>>> print(open('run18.pdb').read())   # PDB, C-alpha atoms
ATOM      1  CA  MET A1063      -3.585   5.349  -5.761
ATOM      2  CA  THR A1064      -3.507   9.032  -4.802
ATOM      3  CA  ILE A1065      -2.725  11.854  -7.202
ATOM      4  CA  MET A1066      -1.811  15.246  -5.766
ATOM      5  CA  LYS A1067      -0.880  18.475  -7.558
ATOM      6  CA  ALA A1068       2.381  20.098  -6.537
ATOM      7  CA  PRO A1069       2.285  23.877  -5.935
ATOM      8  CA  SER A1070       3.122  25.830  -9.091
ATOM      9  CA  ASN A1071       5.856  27.813  -7.331
ATOM     10  CA  VAL A1072       7.797  24.742  -6.200
ATOM     11  CA  ASN A1073      10.818  23.453  -8.127
ATOM     12  CA  LEU A1074      10.235  19.706  -8.346
ATOM     13  CA  ALA A1075      13.944  18.997  -8.656
ATOM     14  CA  SER A1076      14.590  20.491  -5.241
ATOM     15  CA  LEU A1077      11.386  19.674  -3.388
ATOM     16  CA  HIS A1078      12.567  18.454   0.012
ATOM     17  CA  THR A1079       9.396  17.155   1.654
ATOM     18  CA  VAL A1080       6.726  14.856   0.296
ATOM     19  CA  LEU A1081       3.717  14.340   2.543
ATOM     20  CA  GLY A1082       5.888  15.735   5.332
ATOM     21  CA  MET A1083       8.020  12.594   5.380
ATOM     22  CA  LEU A1084      10.190  12.021   2.291
ATOM     23  CA  THR A1085      12.996  13.697   0.332
ATOM     24  CA  LEU A1086      12.810  13.956  -3.437
ATOM     25  CA  GLN A1087      15.740  12.610  -5.428
ATOM     26  CA  ASN A1088      15.739  12.667  -9.245
ATOM     27  CA  LYS A1089      11.973  13.017  -9.321
ATOM     28  CA  THR A1090      11.399   9.447  -8.100
ATOM     29  CA  LEU A1091      11.135   8.222  -4.542
ATOM     30  CA  THR A1092      11.200   4.713  -3.232
ATOM     31  CA  ARG A1093      10.283   3.884   0.349
ATOM     32  CA  GLY A1094       9.628   0.405   1.680
ATOM     33  CA  SER A1095       7.486  -1.594  -0.735
ATOM     34  CA  GLY A1096       6.011   1.426  -2.547
ATOM     35  CA  SER A1097       7.120   4.496  -4.467
ATOM     36  CA  ALA A1098       6.236   8.076  -5.244
ATOM     37  CA  THR A1099       6.840   9.239  -8.828
ATOM     38  CA  PHE A1100       6.632  12.822 -10.035
ATOM     39  CA  LEU A1101       5.061  13.401 -13.415
ATOM     40  CA  SER A1102       5.182  16.996 -14.634
ATOM     41  CA  GLU A1103       3.313  18.988 -11.972
ATOM     42  CA  HIS A1104       1.727  15.924 -10.383
ATOM     43  CA  PHE A1105       2.987  13.065  -8.306
ATOM     44  CA  ILE A1106       1.526   9.633  -7.818
ATOM     45  CA  VAL A1107       1.832   7.700  -4.554
ATOM     46  CA  THR A1108       1.182   3.998  -4.818
ATOM     47  CA  GLU A1109      -1.157   2.335  -2.355
ATOM     48  CA  LYS A1110       1.702   0.343  -0.809
ATOM     49  CA  TRP A1111       3.845   3.395  -0.023
ATOM     50  CA  ARG A1112       5.008   3.445   3.588
ATOM     51  CA  PRO A1113       6.519   6.459   5.393
ATOM     52  CA  SER A1114      10.129   6.261   6.532
ATOM     53  CA  VAL A1115       9.111   5.992  10.189
ATOM     54  CA  LEU A1116       7.973   2.433   9.430
ATOM     55  CA  ASP A1117      11.473   1.361   8.443
ATOM     56  CA  PRO A1118      12.522  -1.132  11.150
ATOM     57  CA  LYS A1119      15.480   0.946  12.350
ATOM     58  CA  ASN A1120      13.520   4.198  12.597
ATOM     59  CA  LEU A1121      10.538   2.438  14.131
ATOM     60  CA  THR A1122      12.717   0.795  16.778
ATOM     61  CA  GLN A1123      14.354   4.106  17.689
ATOM     62  CA  ARG A1124      10.983   5.805  18.028
ATOM     63  CA  TYR A1125       9.566   3.031  20.216
ATOM     64  CA  GLU A1126      12.673   3.081  22.381
ATOM     65  CA  ARG A1127      12.239   6.794  23.054
ATOM     66  CA  ILE A1128       8.540   6.290  23.856
ATOM     67  CA  PHE A1129       9.298   3.367  26.171
ATOM     68  CA  ASN A1130      11.845   5.391  28.101
ATOM     69  CA  GLN A1131       9.427   8.291  28.398
ATOM     70  CA  LEU A1132       6.632   6.033  29.643
ATOM     71  CA  GLN A1133       8.914   4.374  32.199
ATOM     72  CA  GLU A1134       9.340   7.768  33.824
ATOM     73  CA  LEU A1135       5.753   8.974  33.449
ATOM     74  CA  LEU A1136       4.109   5.838  34.810
ATOM     75  CA  GLN A1137       6.079   6.033  38.048
ATOM     76  CA  ARG A1138       3.879   8.954  39.103
ATOM     77  CA  THR A1139       0.826   6.834  39.895
ATOM     78  CA  ASP A1140      -0.197   3.226  40.494
ATOM     79  CA  ASN A1141      -3.680   3.909  39.124
ATOM     80  CA  ARG A1142      -4.214   1.542  36.218
ATOM     81  CA  ILE A1143      -6.720   3.761  34.382
ATOM     82  CA  ALA A1144      -4.370   6.755  34.549
ATOM     83  CA  ARG A1145      -1.507   4.633  33.266
ATOM     84  CA  MET A1146      -3.551   3.279  30.360
ATOM     85  CA  ALA A1147      -4.727   6.770  29.454
ATOM     86  CA  THR A1148      -1.109   7.977  29.396
ATOM     87  CA  VAL A1149       0.049   5.056  27.252
ATOM     88  CA  ALA A1150      -2.793   5.536  24.759
ATOM     89  CA  SER A1151      -2.122   9.256  24.462
ATOM     90  CA  ILE A1152       1.645   8.981  24.022
ATOM     91  CA  LEU A1153       1.441   6.184  21.457
ATOM     92  CA  HIS A1154      -1.391   7.710  19.469
ATOM     93  CA  HIS A1155       0.231  11.104  19.076
ATOM     94  CA  LYS A1156       3.765   9.863  18.404
ATOM     95  CA  MET A1157       3.086   7.024  15.963
ATOM     96  CA  PRO A1158       1.946   8.326  12.551
ATOM     97  CA  HIS A1159       0.663   4.946  11.378
ATOM     98  CA  TYR A1160      -1.772   4.682  14.309
ATOM     99  CA  PHE A1161      -5.436   5.524  13.646
ATOM    100  CA  TRP A1162      -7.111   4.257  16.832
ATOM    101  CA  THR A1163      -5.214   3.452  20.028
ATOM    102  CA  GLY A1164      -6.751   2.156  23.206
ATOM    103  CA  PHE A1165      -7.724  -0.564  25.619
ATOM    104  CA  TYR A1166     -10.543  -3.043  26.043
ATOM    105  CA  LEU A1167     -11.006  -4.386  29.563
ATOM    106  CA  PHE A1168     -12.619  -7.643  30.635
ATOM    107  CA  SER A1169     -15.621  -7.132  32.905
ATOM    108  CA  ASN A1170     -18.611  -9.382  33.586
ATOM    109  CA  SER A1171     -17.782 -11.636  30.632
ATOM    110  CA  ASP A1172     -17.514  -8.668  28.233
ATOM    111  CA  LEU A1173     -14.709  -6.674  26.661
ATOM    112  CA  ILE A1174     -15.576  -3.039  27.411
ATOM    113  CA  VAL A1175     -13.746  -0.024  26.045
ATOM    114  CA  GLY A1176     -11.278   1.681  28.357
ATOM    115  CA  PRO A1177      -9.028   4.713  27.826
ATOM    116  CA  TYR A1178      -8.459   5.422  24.138
ATOM    117  CA  GLN A1179      -7.464   7.974  21.517
ATOM    118  CA  GLY A1180      -9.050   8.316  18.087
ATOM    119  CA  PRO A1181     -12.546   8.156  16.613
ATOM    120  CA  LEU A1182     -15.565   6.828  18.478
ATOM    121  CA  ALA A1183     -15.077   3.252  19.674
ATOM    122  CA  CYS A1184     -17.416   0.312  20.112
ATOM    123  CA  GLN A1185     -18.324   0.430  23.799
ATOM    124  CA  VAL A1186     -18.832  -3.343  24.155
ATOM    125  CA  LEU A1187     -17.439  -5.909  21.700
ATOM    126  CA  ASP A1188     -19.580  -8.801  20.516
ATOM    127  CA  ARG A1189     -18.547 -11.780  22.582
ATOM    128  CA  GLU A1190     -15.799 -14.022  21.243
ATOM    129  CA  LYS A1191     -15.703 -12.324  17.829
ATOM    130  CA  GLY A1192     -13.061 -10.184  16.182
ATOM    131  CA  VAL A1193      -9.372  -9.558  16.707
ATOM    132  CA  CYS A1194      -9.572  -8.258  20.298
ATOM    133  CA  TRP A1195     -11.404 -11.318  21.575
ATOM    134  CA  THR A1196      -8.993 -13.597  19.684
ATOM    135  CA  GLY A1197      -5.957 -11.988  21.316
ATOM    136  CA  PHE A1198      -7.661 -12.018  24.708
ATOM    137  CA  LEU A1199      -8.703 -15.683  24.568
ATOM    138  CA  LYS A1200      -5.403 -16.909  23.108
ATOM    139  CA  LYS A1201      -3.366 -14.665  25.447
ATOM    140  CA  GLU A1202      -1.058 -13.792  22.593
ATOM    141  CA  THR A1203      -0.382 -10.855  20.298
ATOM    142  CA  ILE A1204      -2.345 -10.875  17.054
ATOM    143  CA  ILE A1205      -1.234  -8.937  13.948
ATOM    144  CA  ILE A1206      -3.801  -8.615  11.164
ATOM    145  CA  PRO A1207      -2.519  -7.101   7.871
ATOM    146  CA  ASP A1208      -6.054  -6.737   6.461
ATOM    147  CA  VAL A1209      -8.932  -6.762   8.947
ATOM    148  CA  TYR A1210     -11.501  -7.328   6.205
ATOM    149  CA  LYS A1211      -9.996 -10.747   5.592
ATOM    150  CA  PHE A1212     -10.271 -11.707   9.274
ATOM    151  CA  PRO A1213     -13.292 -13.922  10.067
ATOM    152  CA  GLY A1214     -15.710 -12.223  12.448
ATOM    153  CA  HIS A1215     -14.040  -8.823  12.186
ATOM    154  CA  ILE A1216     -15.862  -6.140  14.205
ATOM    155  CA  ALA A1217     -15.814  -2.902  12.205
ATOM    156  CA  CYS A1218     -16.092  -0.096  14.752
ATOM    157  CA  ASP A1219     -14.788   2.282  12.071
ATOM    158  CA  SER A1220     -14.714   1.327   8.392
ATOM    159  CA  ARG A1221     -11.536   3.369   7.847
ATOM    160  CA  SER A1222      -9.452   0.886   9.851
ATOM    161  CA  ASN A1223      -7.652  -1.603   7.619
ATOM    162  CA  ALA A1224      -4.955  -3.208   9.791
ATOM    163  CA  GLU A1225      -4.824  -4.076  13.480
ATOM    164  CA  ILE A1226      -2.564  -5.293  16.251
ATOM    165  CA  VAL A1227      -3.878  -6.574  19.581
ATOM    166  CA  VAL A1228      -1.657  -7.193  22.607
ATOM    167  CA  PRO A1229      -3.105  -9.029  25.639
ATOM    168  CA  LEU A1230      -2.783  -7.584  29.129
ATOM    169  CA  LEU A1231      -1.713 -10.350  31.511
ATOM    170  CA  ASP A1232      -1.516 -10.339  35.294
ATOM    171  CA  GLU A1233       1.240 -11.959  37.358
ATOM    172  CA  ARG A1234      -0.529 -15.330  37.071
ATOM    173  CA  GLY A1235      -0.722 -15.093  33.284
ATOM    174  CA  GLN A1236      -4.448 -14.380  33.257
ATOM    175  CA  ALA A1237      -5.746 -11.899  30.696
ATOM    176  CA  TRP A1238      -7.577  -8.843  32.022
ATOM    177  CA  GLY A1239      -7.814  -6.862  28.790
ATOM    178  CA  VAL A1240      -6.057  -5.938  25.563
ATOM    179  CA  LEU A1241      -4.231  -3.041  23.950
ATOM    180  CA  ASP A1242      -5.783  -2.502  20.534
ATOM    181  CA  VAL A1243      -4.235  -0.398  17.754
ATOM    182  CA  ASP A1244      -5.766   0.179  14.320
ATOM    183  CA  SER A1245      -4.235   1.697  11.197
ATOM    184  CA  LYS A1246      -5.717   3.031   7.987
ATOM    185  CA  THR A1247      -2.793   1.425   6.137
ATOM    186  CA  ARG A1248      -2.940  -2.253   5.281
ATOM    187  CA  ASP A1249      -0.018  -4.329   6.571
ATOM    188  CA  ALA A1250       0.956  -1.465   8.884
ATOM    189  CA  PHE A1251       2.218  -3.550  11.809
ATOM    190  CA  SER A1252       5.306  -5.716  12.113
ATOM    191  CA  PRO A1253       7.215  -7.767  14.705
ATOM    192  CA  VAL A1254       8.890  -4.484  15.713
ATOM    193  CA  ASP A1255       5.512  -3.082  16.786
ATOM    194  CA  GLN A1256       4.748  -6.343  18.571
ATOM    195  CA  HIS A1257       8.032  -6.392  20.495
ATOM    196  CA  TRP A1258       7.749  -2.851  21.787
ATOM    197  CA  LEU A1259       4.021  -2.872  22.509
ATOM    198  CA  GLU A1260       4.465  -6.021  24.583
ATOM    199  CA  LYS A1261       7.207  -4.246  26.528
ATOM    200  CA  ILE A1262       5.018  -1.180  26.961
ATOM    201  CA  VAL A1263       1.982  -3.052  28.310
ATOM    202  CA  GLY A1264       4.355  -4.699  30.766
ATOM    203  CA  LEU A1265       4.717  -1.269  32.388
ATOM    204  CA  LEU A1266       1.042  -1.151  33.324
TER     205      LEU A1266
END
>>> encode(input="run18.pdb", output="structure tokens")
Amino acid sequence: MTIMKAPSNVNLASLHTVLGMLTLQNKTLTRGSGSATFLSEHFIVTEKWRPSVLDPKNLTQRYERIFNQLQELLQRTDNRIARMATVASILHHKMPHYFWTGFYLFSNSDLIVGPYQGPLACQVLDREKGVCWTGFLKKETIIIPDVYKFPGHIACDSRSNAEIVVPLLDERGQAWGVLDVDSKTRDAFSPVDQHWLEKIVGLL
């Protein structure tokens, strides 16, 4: 739970923006599975509160715009590293629920960090442990609502609480790496994220 003090010169009844995302109505806000409630000069945001961008419709529209932008940008080069760097940058800066966004690439029996955005990454992942290795070995997308409940979780940054991993497959269906996205928010990722991230890695 987070408690924040509203500025003394703001009329709570007409406050239009909460955390840069929400509109106040009758002093109580509801968004997704959580709520924000104003009490006198303070408001309380429950731990489960989710910004409006995570609503399926808004999320789909945002991904669609990103996908269209990447389709155009990635035509400028066939270089795989440049394409991955572009994808990581666009996604990381346009998706507010992303905390770490990047790639791990298979090389000499290891998963080694590739282009990424966010805090310092693990350079080499412990073999066959954690979410990235699971997605890589199974060749399927893995969504983890709470990484601390995942057996063998590799904590490169303790602030990450949820994760989605999408395998990178060649034309023969062989995995050559993964797209890895972390969020500070538990249960941050949904089938909408999965659908569009799978489409996006298909552009690589």
>>> closest_residue(input="run18.pdb", among="A:Arg1189, A:Thr1148, A:Ala1217, A:Gly1197", to="Glu1134 (chain A)", atoms="only C-alpha atoms")
A:Thr1148
>>> residues_around(input="run18.pdb", residues="Asp1249 (chain A)", least_positions_apart="4", cutoff="10 Å", atoms="all atoms listed in the file", output="PyMOL selection string")
chain A and resi 1110+1112+1205-1209+1223-1225+1245
>>> resolve_selection(input="run18.pdb", expression="the PyMOL selection byres ((chain A and resi 1187) around 9)", output="VMD selection string")
chain A and resid 1166 1172 to 1175 1184 to 1186 1188 to 1192 1194 to 1195 1216
>>> atom_distance(input="run18.pdb", atom1="CA of Ala1237 (chain A)", atom2="CA of His1154 (chain A)")
23.0 Å
>>> atom_distance(input="run18.pdb", atom1="CA of Glu1126 (chain A)", atom2="CA of Ile1226 (chain A)")
18.4 Å
>>> closest_residue(input="run18.pdb", among="A:His1215, A:Ile1204, A:Ser1222, A:Arg1138", to="Pro1181 (chain A)", atoms="all atoms listed in the file")
A:Ser1222
